[in-house]
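Colleague: Input: one structure, supplied below.
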Amino acid sequence: MSNENTDPGKPENTAAGGPADAEQNGDELNKLVNEYETKLGEMRELLLRERAEIENQRKRLQRDLDQARKFANERVLGDLLPVCDSLERGLAVQTADAASLREGMELTLKALLKVAEGNGLKPIDPVGQPFNPEQHQAVSMVEAPGTKPDTVVAVIQKGYVLNDRLLRPALVTVSKAS
């Protein structure tokens, strides 16, 4: 004789131990659901913390960027203070003659150019060089015997390059063909 339930009126019990096993399976499912809900809550909390950390980093970076923009010229301006001091001392002198004023201006210009070069500024002084439209702006053309055509013969205003980028083109006079 078989241990199977063959009565067509009774449903077969697929659980090994009957109703007690079904209740135990339900308890296990409830435990699993509770466990997963706890893990889900932890993951949500972790996600919120990570989002807050990212937002805080974004705010810190924005603050740092604002500070960098605000004080970007600090070094240059600090370097220019001695130049300003020299100009103020020169203006304070009441009895200076033209020669001493010129000497003071030359020293101040030298200090100013040193600051500019220390910050990546280089002058463009192209006298005798071929005309370069990327760095020079021709103001006029003149006949210049003894020079090749399209050669810079005079600089009206120096040009400047800042860290290999053209800041201002040199205004030049260029020789033309005879």
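Identifiers for the structure tokens are assigned positionally: chains receive A, B, ... in sequence, residues are indexed from 1 per chain, and ligands are indexed from 1 in the order shown.
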Tell me which protein, DNA and RNA residues are within 10 Å of A:Met141, counting only C-alpha atoms, leaving out same-chain ones fewer than 3 positions away, and put them as a ChimeraX atom specification.
Modeller: /A:138,144,149-153,172-177
Colleague: Filtering to C-alpha atoms, could you give me those residues as a compact mmCIF listing (two decimals), in the first residue's frame?
Modeller:
```txt
# COMPACT_ATOMS: atom_id res chain seq x y z
CA ALA A 138 50.44 96.01 -40.28
CA ALA A 144 62.71 100.32 -47.42
CA PRO A 149 59.50 92.76 -49.00
CA ASP A 150 57.11 91.93 -46.11
CA THR A 151 59.77 92.58 -43.47
CA VAL A 152 58.95 94.54 -40.32
CA VAL A 153 60.91 97.80 -40.45
CA VAL A 172 54.13 97.41 -37.26
CA THR A 173 55.27 99.09 -40.43
CA VAL A 174 56.15 96.61 -43.18
CA SER A 175 58.44 97.00 -46.17
CA LYS A 176 56.90 96.69 -49.60
CA ALA A 177 58.37 95.63 -52.90
```
Colleague: Show me, as a PDB file with all heavy atoms, in the first residue's frame, the residues that have an atom within 12 Å of A:Leu101 when counting only C-alpha atoms, minus same-chain residues fewer than 4 positions from it.
Modeller:
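Writing done, so here's selection22.pdb:
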```pdb
ATOM      1  N   SER A  86      57.381 102.591  -5.985  1.00  0.00           N
ATOM      2  CA  SER A  86      58.399 103.379  -6.693  1.00  0.00           C
ATOM      3  C   SER A  86      57.772 104.590  -7.365  1.00  0.00           C
ATOM      4  O   SER A  86      58.332 105.696  -7.314  1.00  0.00           O
ATOM      5  CB  SER A  86      59.093 102.519  -7.753  1.00  0.00           C
ATOM      6  OG  SER A  86      59.843 101.509  -7.161  1.00  0.00           O
ATOM      7  N   LEU A  87      56.626 104.399  -7.986  1.00  0.00           N
ATOM      8  CA  LEU A  87      55.952 105.526  -8.628  1.00  0.00           C
ATOM      9  C   LEU A  87      55.529 106.573  -7.599  1.00  0.00           C
ATOM     10  O   LEU A  87      55.681 107.781  -7.829  1.00  0.00           O
ATOM     11  CB  LEU A  87      54.731 105.039  -9.419  1.00  0.00           C
ATOM     12  CG  LEU A  87      55.038 104.274 -10.705  1.00  0.00           C
ATOM     13  CD1 LEU A  87      53.767 103.651 -11.268  1.00  0.00           C
ATOM     14  CD2 LEU A  87      55.666 105.201 -11.734  1.00  0.00           C
ATOM     15  N   ARG A  89      56.938 107.164  -4.657  1.00  0.00           N
ATOM     16  CA  ARG A  89      58.139 107.856  -4.182  1.00  0.00           C
ATOM     17  C   ARG A  89      58.615 108.877  -5.209  1.00  0.00           C
ATOM     18  O   ARG A  89      59.037 109.984  -4.853  1.00  0.00           O
ATOM     19  CB  ARG A  89      59.246 106.850  -3.878  1.00  0.00           C
ATOM     20  CG  ARG A  89      59.090 106.161  -2.535  1.00  0.00           C
ATOM     21  CD  ARG A  89      60.347 105.416  -2.129  1.00  0.00           C
ATOM     22  NE  ARG A  89      60.741 104.374  -3.054  1.00  0.00           N
ATOM     23  CZ  ARG A  89      60.304 103.113  -3.011  1.00  0.00           C
ATOM     24  NH1 ARG A  89      59.453 102.744  -2.075  1.00  0.00           N
ATOM     25  NH2 ARG A  89      60.711 102.234  -3.891  1.00  0.00           N
ATOM     26  N   GLY A  90      58.549 108.506  -6.492  1.00  0.00           N
ATOM     27  CA  GLY A  90      58.956 109.433  -7.544  1.00  0.00           C
ATOM     28  C   GLY A  90      58.048 110.652  -7.607  1.00  0.00           C
ATOM     29  O   GLY A  90      58.524 111.773  -7.813  1.00  0.00           O
ATOM     30  N   LEU A  91      56.767 110.466  -7.405  1.00  0.00           N
ATOM     31  CA  LEU A  91      55.843 111.601  -7.425  1.00  0.00           C
ATOM     32  C   LEU A  91      55.988 112.483  -6.185  1.00  0.00           C
ATOM     33  O   LEU A  91      55.666 113.669  -6.222  1.00  0.00           O
ATOM     34  CB  LEU A  91      54.401 111.095  -7.532  1.00  0.00           C
ATOM     35  CG  LEU A  91      54.017 110.488  -8.874  1.00  0.00           C
ATOM     36  CD1 LEU A  91      52.631 109.847  -8.794  1.00  0.00           C
ATOM     37  CD2 LEU A  91      54.042 111.548  -9.972  1.00  0.00           C
ATOM     38  N   ALA A  92      56.477 111.926  -5.098  1.00  0.00           N
ATOM     39  CA  ALA A  92      56.623 112.686  -3.856  1.00  0.00           C
ATOM     40  C   ALA A  92      57.811 113.647  -3.907  1.00  0.00           C
ATOM     41  O   ALA A  92      57.838 114.639  -3.185  1.00  0.00           O
ATOM     42  CB  ALA A  92      56.776 111.726  -2.672  1.00  0.00           C
ATOM     43  N   VAL A  93      58.777 113.369  -4.780  1.00  0.00           N
ATOM     44  CA  VAL A  93      59.953 114.238  -4.888  1.00  0.00           C
ATOM     45  C   VAL A  93      59.548 115.526  -5.581  1.00  0.00           C
ATOM     46  O   VAL A  93      58.997 115.512  -6.683  1.00  0.00           O
ATOM     47  CB  VAL A  93      61.088 113.526  -5.657  1.00  0.00           C
ATOM     48  CG1 VAL A  93      62.263 114.467  -5.891  1.00  0.00           C
ATOM     49  CG2 VAL A  93      61.524 112.273  -4.935  1.00  0.00           C
ATOM     50  N   GLN A  94      59.846 116.660  -4.924  1.00  0.00           N
ATOM     51  CA  GLN A  94      59.442 117.964  -5.463  1.00  0.00           C
ATOM     52  C   GLN A  94      60.537 118.627  -6.301  1.00  0.00           C
ATOM     53  O   GLN A  94      60.240 119.396  -7.191  1.00  0.00           O
ATOM     54  CB  GLN A  94      59.063 118.898  -4.304  1.00  0.00           C
ATOM     55  CG  GLN A  94      57.885 118.414  -3.489  1.00  0.00           C
ATOM     56  CD  GLN A  94      56.576 118.409  -4.281  1.00  0.00           C
ATOM     57  OE1 GLN A  94      56.355 119.271  -5.130  1.00  0.00           O
ATOM     58  NE2 GLN A  94      55.728 117.433  -4.023  1.00  0.00           N
ATOM     59  N   THR A  95      61.772 118.349  -6.021  1.00  0.00           N
ATOM     60  CA  THR A  95      62.863 119.085  -6.646  1.00  0.00           C
ATOM     61  C   THR A  95      63.653 118.259  -7.650  1.00  0.00           C
ATOM     62  O   THR A  95      64.815 118.517  -7.895  1.00  0.00           O
ATOM     63  CB  THR A  95      63.830 119.596  -5.561  1.00  0.00           C
ATOM     64  OG1 THR A  95      64.331 118.478  -4.842  1.00  0.00           O
ATOM     65  CG2 THR A  95      63.141 120.575  -4.632  1.00  0.00           C
ATOM     66  N   ALA A  96      63.047 117.267  -8.236  1.00  0.00           N
ATOM     67  CA  ALA A  96      63.774 116.399  -9.164  1.00  0.00           C
ATOM     68  C   ALA A  96      63.948 117.089 -10.509  1.00  0.00           C
ATOM     69  O   ALA A  96      63.063 117.797 -10.982  1.00  0.00           O
ATOM     70  CB  ALA A  96      63.028 115.093  -9.346  1.00  0.00           C
ATOM     71  N   ASP A  97      65.102 116.843 -11.126  1.00  0.00           N
ATOM     72  CA  ASP A  97      65.314 117.346 -12.480  1.00  0.00           C
ATOM     73  C   ASP A  97      64.902 116.268 -13.484  1.00  0.00           C
ATOM     74  O   ASP A  97      64.595 115.138 -13.101  1.00  0.00           O
ATOM     75  CB  ASP A  97      66.768 117.787 -12.681  1.00  0.00           C
ATOM     76  CG  ASP A  97      67.748 116.641 -12.499  1.00  0.00           C
ATOM     77  OD1 ASP A  97      67.335 115.579 -11.988  1.00  0.00           O
ATOM     78  OD2 ASP A  97      68.927 116.797 -12.879  1.00  0.00           O
ATOM     79  N   MET A 105      61.934 106.616 -13.791  1.00  0.00           N
ATOM     80  CA  MET A 105      60.954 105.978 -14.673  1.00  0.00           C
ATOM     81  C   MET A 105      61.538 104.714 -15.303  1.00  0.00           C
ATOM     82  O   MET A 105      60.839 103.702 -15.431  1.00  0.00           O
ATOM     83  CB  MET A 105      60.489 106.951 -15.764  1.00  0.00           C
ATOM     84  CG  MET A 105      59.547 108.024 -15.239  1.00  0.00           C
ATOM     85  SD  MET A 105      59.088 109.219 -16.508  1.00  0.00           S
ATOM     86  CE  MET A 105      58.244 108.206 -17.690  1.00  0.00           C
ATOM     87  N   GLU A 106      62.804 104.762 -15.707  1.00  0.00           N
ATOM     88  CA  GLU A 106      63.444 103.591 -16.302  1.00  0.00           C
ATOM     89  C   GLU A 106      63.520 102.435 -15.302  1.00  0.00           C
ATOM     90  O   GLU A 106      63.253 101.280 -15.643  1.00  0.00           O
ATOM     91  CB  GLU A 106      64.838 103.948 -16.820  1.00  0.00           C
ATOM     92  CG  GLU A 106      64.822 104.782 -18.086  1.00  0.00           C
ATOM     93  CD  GLU A 106      66.189 105.278 -18.500  1.00  0.00           C
ATOM     94  OE1 GLU A 106      67.171 105.146 -17.724  1.00  0.00           O
ATOM     95  OE2 GLU A 106      66.293 105.836 -19.615  1.00  0.00           O
ATOM     96  N   LEU A 107      63.892 102.755 -14.050  1.00  0.00           N
ATOM     97  CA  LEU A 107      63.963 101.715 -13.024  1.00  0.00           C
ATOM     98  C   LEU A 107      62.573 101.134 -12.732  1.00  0.00           C
ATOM     99  O   LEU A 107      62.417  99.920 -12.550  1.00  0.00           O
ATOM    100  CB  LEU A 107      64.580 102.281 -11.738  1.00  0.00           C
ATOM    101  CG  LEU A 107      66.075 102.599 -11.810  1.00  0.00           C
ATOM    102  CD1 LEU A 107      66.524 103.313 -10.545  1.00  0.00           C
ATOM    103  CD2 LEU A 107      66.881 101.331 -12.030  1.00  0.00           C
ATOM    104  N   THR A 108      61.561 101.997 -12.710  1.00  0.00           N
ATOM    105  CA  THR A 108      60.194 101.531 -12.457  1.00  0.00           C
ATOM    106  C   THR A 108      59.701 100.665 -13.610  1.00  0.00           C
ATOM    107  O   THR A 108      59.088  99.613 -13.382  1.00  0.00           O
ATOM    108  CB  THR A 108      59.251 102.732 -12.242  1.00  0.00           C
ATOM    109  OG1 THR A 108      59.760 103.518 -11.159  1.00  0.00           O
ATOM    110  CG2 THR A 108      57.851 102.279 -11.922  1.00  0.00           C
TER     111      THR A 108
END
```
Colleague: What separation in Å, quoted to one decimal, exists between atom CA of A:Pro133 and atom CA of A:Gln157?
Modeller: 14.9 Å
Colleague: Rounded to one decimal in Å, what is the spacing between atom CA of A:Gly120 and atom CA of A:Glu74?
Modeller: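 Separation of atom CA of A:Gly120 and atom CA of A:Glu74: 15.0 Å.
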Colleague: For A:Leu80, find every residue with an atom within 9 Å (counting only C-alpha atoms), except residues of its own chain fewer than 6 positions away, and show them as JSON, numbers by chain.
Modeller: {"A": [111, 112, 115, 116]}
Colleague: Can I get the selection written as a short mmCIF file (atom, residue, chain, number, x, y, z; two decimals), in the first residue's frame, with C-alpha atoms?
Modeller:
```cif
data_model
loop_
_atom_site.label_atom_id
_atom_site.label_comp_id
_atom_site.auth_asym_id
_atom_site.auth_seq_id
_atom_site.Cartn_x
_atom_site.Cartn_y
_atom_site.Cartn_z
CA ALA A 111 60.62 96.47 -12.30
CA LEU A 112 57.24 96.38 -14.03
CA VAL A 115 56.88 91.36 -12.80
CA ALA A 116 55.16 90.89 -16.17
#
```
Colleague: Residues at most 12 Å from stretch 158-164 of chain A, counting only C-alpha atoms, excluding those fewer than 4 positions away in the same chain, as a list in words?
Modeller: Leu113, Ala116, Glu117, Gly118, Asn119, Gly120, Leu121, Lys122, Pro123, Ile124, Asp125, Pro126, Val127, Asn132, Glu134, Gln135, His136, Gln137, Ala138, Ala154, Arg168, Pro169, Ala170, Leu171, Val172 and Thr173 of chain A
Colleague: Selection from above, N, CA and C atoms, as a short mmCIF file (atom, residue, chain, number, x, y, z; two decimals), in the first residue's frame, can you write it?
Modeller:
```
data_model
loop_
_atom_site.label_atom_id
_atom_site.label_comp_id
_atom_site.auth_asym_id
_atom_site.auth_seq_id
_atom_site.Cartn_x
_atom_site.Cartn_y
_atom_site.Cartn_z
N LEU A 113 58.35 95.39 -15.95
CA LEU A 113 58.58 94.35 -16.96
C LEU A 113 59.04 93.04 -16.32
N ALA A 116 55.94 91.41 -15.05
CA ALA A 116 55.16 90.89 -16.17
C ALA A 116 55.79 89.60 -16.72
N GLU A 117 57.10 89.59 -16.89
CA GLU A 117 57.77 88.39 -17.40
C GLU A 117 57.68 87.25 -16.40
N GLY A 118 57.74 87.56 -15.12
CA GLY A 118 57.61 86.54 -14.09
C GLY A 118 56.23 85.89 -14.07
N ASN A 119 55.26 86.56 -14.68
CA ASN A 119 53.90 86.04 -14.74
C ASN A 119 53.52 85.57 -16.14
N GLY A 120 54.53 85.33 -16.99
CA GLY A 120 54.28 84.72 -18.29
C GLY A 120 54.07 85.68 -19.44
N LEU A 121 54.27 86.97 -19.24
CA LEU A 121 54.07 87.95 -20.31
C LEU A 121 55.39 88.21 -21.02
N LYS A 122 55.38 88.07 -22.34
CA LYS A 122 56.59 88.30 -23.13
C LYS A 122 56.28 89.31 -24.22
N PRO A 123 57.18 90.29 -24.42
CA PRO A 123 56.94 91.28 -25.47
C PRO A 123 57.24 90.71 -26.85
N ILE A 124 56.55 91.25 -27.85
CA ILE A 124 56.82 90.92 -29.26
C ILE A 124 57.46 92.17 -29.86
N ASP A 125 58.73 92.06 -30.23
CA ASP A 125 59.44 93.18 -30.84
C ASP A 125 60.07 92.66 -32.13
N PRO A 126 59.31 92.67 -33.23
CA PRO A 126 59.71 91.95 -34.44
C PRO A 126 60.51 92.74 -35.48
N VAL A 127 61.22 93.78 -35.10
CA VAL A 127 61.97 94.57 -36.09
C VAL A 127 62.98 93.67 -36.80
N ASN A 132 54.38 88.51 -39.71
CA ASN A 132 53.60 87.33 -39.30
C ASN A 132 52.21 87.83 -38.90
N GLU A 134 49.80 86.43 -37.65
CA GLU A 134 49.27 85.86 -36.42
C GLU A 134 49.75 86.62 -35.18
N GLN A 135 50.86 87.38 -35.32
CA GLN A 135 51.39 88.13 -34.19
C GLN A 135 51.55 89.62 -34.47
N HIS A 136 51.44 90.02 -35.72
CA HIS A 136 51.65 91.41 -36.08
C HIS A 136 50.42 91.97 -36.79
N GLN A 137 50.23 93.27 -36.62
CA GLN A 137 49.17 93.95 -37.36
C GLN A 137 49.84 95.09 -38.12
N ALA A 138 49.79 95.00 -39.45
CA ALA A 138 50.44 96.01 -40.28
C ALA A 138 49.59 97.28 -40.28
N ALA A 154 59.58 98.78 -38.64
CA ALA A 154 59.40 99.61 -37.44
C ALA A 154 58.24 99.04 -36.62
N ARG A 168 48.14 90.74 -27.32
CA ARG A 168 47.94 91.92 -28.18
C ARG A 168 48.94 91.85 -29.32
N PRO A 169 48.49 92.02 -30.56
CA PRO A 169 49.43 91.99 -31.68
C PRO A 169 50.30 93.25 -31.70
N ALA A 170 51.49 93.11 -32.26
CA ALA A 170 52.37 94.27 -32.42
C ALA A 170 51.89 95.08 -33.61
N LEU A 171 51.81 96.39 -33.43
CA LEU A 171 51.46 97.29 -34.54
C LEU A 171 52.76 97.64 -35.25
N VAL A 172 52.85 97.30 -36.55
CA VAL A 172 54.13 97.41 -37.26
C VAL A 172 53.99 98.12 -38.60
N THR A 173 55.14 98.57 -39.07
CA THR A 173 55.27 99.09 -40.43
C THR A 173 56.07 98.04 -41.19
#
```
Colleague: As an exercise, work out the distance from atom CA of A:Val155 to atom CA of A:Gly128 in Å and give it to one decimal place.
Modeller: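 Going from atom CA of A:Val155 over to atom CA of A:Gly128 covers 9.9 Å.
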